[in-house]
Amino acid sequence: MKIPGDIRVVRYVAHPDGAELRKCFSLSQMRVPEVDQGEVLVRPIYLRMDPYQRIRMRPESDFEGGPIRGGPLRLGEVEPGRGSGVIVQSGHPSFSPGDHVSGEMHWAELTAVPAAALEKLPPLRGSLRLSQSILGGPGLTAYFALHETARALAGETVVVTGAAGGVGALAIQMAKAMGCRVVGIAGGEEKCRFIMENLGADAAIDHRAGEIEAALARACPDGIDVFLDGVGGALHDAAIPLMRVRGRVVVLGAIDRYDAGNGIDLGPRNLYLIAINRLRIQGFLVGDHVADYPAALSEIRQAIDRGQLHAVDTVREGLNEAPAVFEGLFRGAAIGKLLLQVHPDPEEQPEAA
Ligand SMILES: NC(=O)c1ccc[n+]([C@@H]2O[C@H](COP(=O)([O-])OP(=O)(O)OC[C@H]3O[C@@H](n4cnc5c(N)ncnc54)[C@H](OP(=O)(O)O)[C@@H]3O)[C@@H](O)[C@H]2O)c1
């Protein structure tokens with residue numbers, strides 16, 4: 001590929017003020033970055049829209065003391081993000097032009113990144129896209145949260161929030177494959193229908209329809225054994241009173257308050273119920289399981305081959321659209337993992353005759 005002199009990038013230029021996150025970004029041009037020793041130049045194909053990117057947009061003074069991966073964003077920097085792409089130039093012996101990779105990159109037409117931030121993808125058709133959902137972070141998060149942290153058992157009731165989202169859509173399918181009874185909580189009728197008809201959930205609850213406590217109680221007449229939660233807030237409050245003795249709550253994240261600053265969170269609630277029901281509430285970070293990724297990916301591939309799992313994503317196109325697409329993540333605009341396609345996918349091009 002001929003490397004251009006100038007490229008388009010999306011910079012983070014203003015801290016959020018309300019829900020219109022697109023105003024925080026600006027499209028600009030820059031010289032194509034030099035590739036130093038140990039770095040590679042990548043042509044991003046898919047960029048993943050991840051909820052944790054919203055936490056990094058809080059001003060430094062608004063952090064809660066806990067570390068956040070990568071720290072707060074600096075005004076003016078090119079927006080970092082995970083994704084997959086093709087190497088076009090290499091300053092590292094392990095990578096060659098043409099290799100397909102997944103890892104840390106930027107919202108840019110071309111990006112120079114340390115080779116250590118990337119992993120090579122297998123030369124299989126579809127891997128650029130699948131590596132951003134079922135065969136990557138979202139798939140691994142759902143897998144380890146259910147199998148290792150919650151240790152869900154056949155016959156147990158599993159409730160999943162963000163059920164039509166990137167992690168949730170995979171967690172629903174995996175819990176069904178484990179023999180669990182699965183209830184999904186999602187926003188809107190369309191998503192609720194989707195998780196029942198396409199993912200096999202036994203029941204679905206629309207969190208935008210109100211009366212969540214009553215709906216959840218109806219959907220879980222015997223209580224909840226495992227609560228897989230990436231949302232928090234009102235959904236967390238609705239689930240805790242329904243937890244069965246020795247139930248497990250896995251806290252994946254708290255998207256309900258990713259835009260909140262200091263002083264707003266009320267702290268743990270329902271502590272008495274947590275005590276008498278001997279609940280286990282455990283925080284989760286998928287990176288803790290990195291040594292076991294290969295074995296998990298192999299199991300996920302086998303489940304795909306058996307027809308028990310399938311990828312769920314929504315692909316939007318064009319780097320210019322990145323700010324609006326990212327904003328849509330927090331309005332529930334996508335089903336499955338929300339991806340931005342920056343360049344055509346070479347693995348989806350028709351084979352030469
Ligand atoms: N700990 C880890 O290692 C790890 C790894 C990956 C992801 N996560 C976390 O897992 C969660 C899901 O991540 P994801 O990548 O799969 O994102 P996602 O579910 O694809 O996208 C976010 C979804 O959350 C729902 N949502 C947004 N605001 C909400 C609110 N206030 N109340 C209820 N639902 C709301 C929206 O769906 P609806 O239309 O259904 O509302 C939206 O589509 C996030 O908390 C993320 O930070 C954690």
# chains A, B, ... in the order shown; residues from 1 in each chain; ligands from 1

$ residues_near_ligand --ligand "ligand 1" --cutoff "8 Å" --atoms "only C-alpha atoms and all ligand atoms" --output "MDAnalysis selection string"
chainID A and resid 49:52 137:138 141 161:169 185:188 191 206:208 229:235 251:257 283:287 328:338

$ residues_around --residues "Gln37 in chain A" --least-positions-apart "6" --cutoff "10 Å" --atoms "only C-alpha atoms" --output "list in words"
Ser90, Gly91, His92, Pro93, Pro114 and Ala115 of chain A

$ write_last_selection --atoms "N, CA and C atoms" --output "PDB file, in the first residue's frame"
ATOM      1  N   SER A  90       6.634  -1.750   9.390  1.00  0.00           N
ATOM      2  CA  SER A  90       6.997  -2.353  10.674  1.00  0.00           C
ATOM      3  C   SER A  90       8.402  -1.974  11.121  1.00  0.00           C
ATOM      4  N   GLY A  91       8.505  -1.583  12.391  1.00  0.00           N
ATOM      5  CA  GLY A  91       9.804  -1.352  13.019  1.00  0.00           C
ATOM      6  C   GLY A  91      10.056  -2.403  14.088  1.00  0.00           C
ATOM      7  N   HIS A  92       9.400  -3.563  13.921  1.00  0.00           N
ATOM      8  CA  HIS A  92       9.565  -4.640  14.916  1.00  0.00           C
ATOM      9  C   HIS A  92       9.677  -5.977  14.185  1.00  0.00           C
ATOM     10  N   PRO A  93      10.663  -6.818  14.580  1.00  0.00           N
ATOM     11  CA  PRO A  93      10.895  -8.059  13.827  1.00  0.00           C
ATOM     12  C   PRO A  93       9.726  -9.045  13.843  1.00  0.00           C
ATOM     13  N   PRO A 114       3.011   0.978  19.577  1.00  0.00           N
ATOM     14  CA  PRO A 114       4.040   0.013  19.981  1.00  0.00           C
ATOM     15  C   PRO A 114       3.611  -1.402  19.592  1.00  0.00           C
ATOM     16  N   ALA A 115       4.546  -2.180  19.077  1.00  0.00           N
ATOM     17  CA  ALA A 115       4.223  -3.554  18.678  1.00  0.00           C
ATOM     18  C   ALA A 115       3.666  -4.346  19.860  1.00  0.00           C
TER      19      ALA A 115
END

$ select_by_dssp --residues "range 79-114 of chain A" --states "strand (DSSP E or B)" --output "PyMOL selection string"
chain A and resi 80-90+100-106+108+111-114

$ closest_residue --among "A:Glu348, A:Ile172, A:His100, A:His289" --to "Phe194 in chain A" --atoms "only C-alpha atoms"
A:Ile172

$ closest_residue --among "A:Ala291, A:Ser127, A:Gln132, A:Arg58" --to "Arg82 in chain A" --atoms "only C-alpha atoms"
A:Gln132

$ atom_distance --atom1 "CA of Lys23 in chain A" --atom2 "CA of Arg11 in chain A"
10.9 Å

$ residues_around --residues "Gly223 in chain A" --least-positions-apart "2" --cutoff "9 Å" --atoms "only C-alpha atoms" --output "list in words"
Thr157, Ala217, Ala219, Cys220, Pro221, Asp225, Pro241, Leu242, Met243 and Arg244 of chain A

$ decode --residues "range 220-238 of chain A" --atoms "C-alpha atoms" --output "JSON list (two decimals), in the first residue's frame"
[["chain", "number", "residue", "atom", "x", "y", "z"],
["A", 220, "CYS", "CA", -37.44, -14.86, 38.22],
["A", 221, "PRO", "CA", -40.09, -16.60, 40.37],
["A", 222, "ASP", "CA", -37.44, -18.75, 42.10],
["A", 223, "GLY", "CA", -34.97, -15.89, 42.56],
["A", 224, "ILE", "CA", -31.61, -15.14, 40.94],
["A", 225, "ASP", "CA", -28.48, -17.26, 41.35],
["A", 226, "VAL", "CA", -26.12, -15.24, 39.16],
["A", 227, "PHE", "CA", -26.39, -11.53, 38.33],
["A", 228, "LEU", "CA", -24.00, -10.39, 35.58],
["A", 229, "ASP", "CA", -24.12, -6.62, 35.70],
["A", 230, "GLY", "CA", -22.39, -3.95, 33.61],
["A", 231, "VAL", "CA", -24.98, -1.25, 34.30],
["A", 232, "GLY", "CA", -25.50, -0.80, 38.07],
["A", 233, "GLY", "CA", -27.84, 1.87, 39.47],
["A", 234, "ALA", "CA", -31.55, 1.04, 39.48],
["A", 235, "LEU", "CA", -30.99, -2.37, 37.84],
["A", 236, "HIS", "CA", -28.57, -3.39, 40.59],
["A", 237, "ASP", "CA", -31.07, -2.24, 43.24],
["A", 238, "ALA", "CA", -33.84, -4.26, 41.58]]
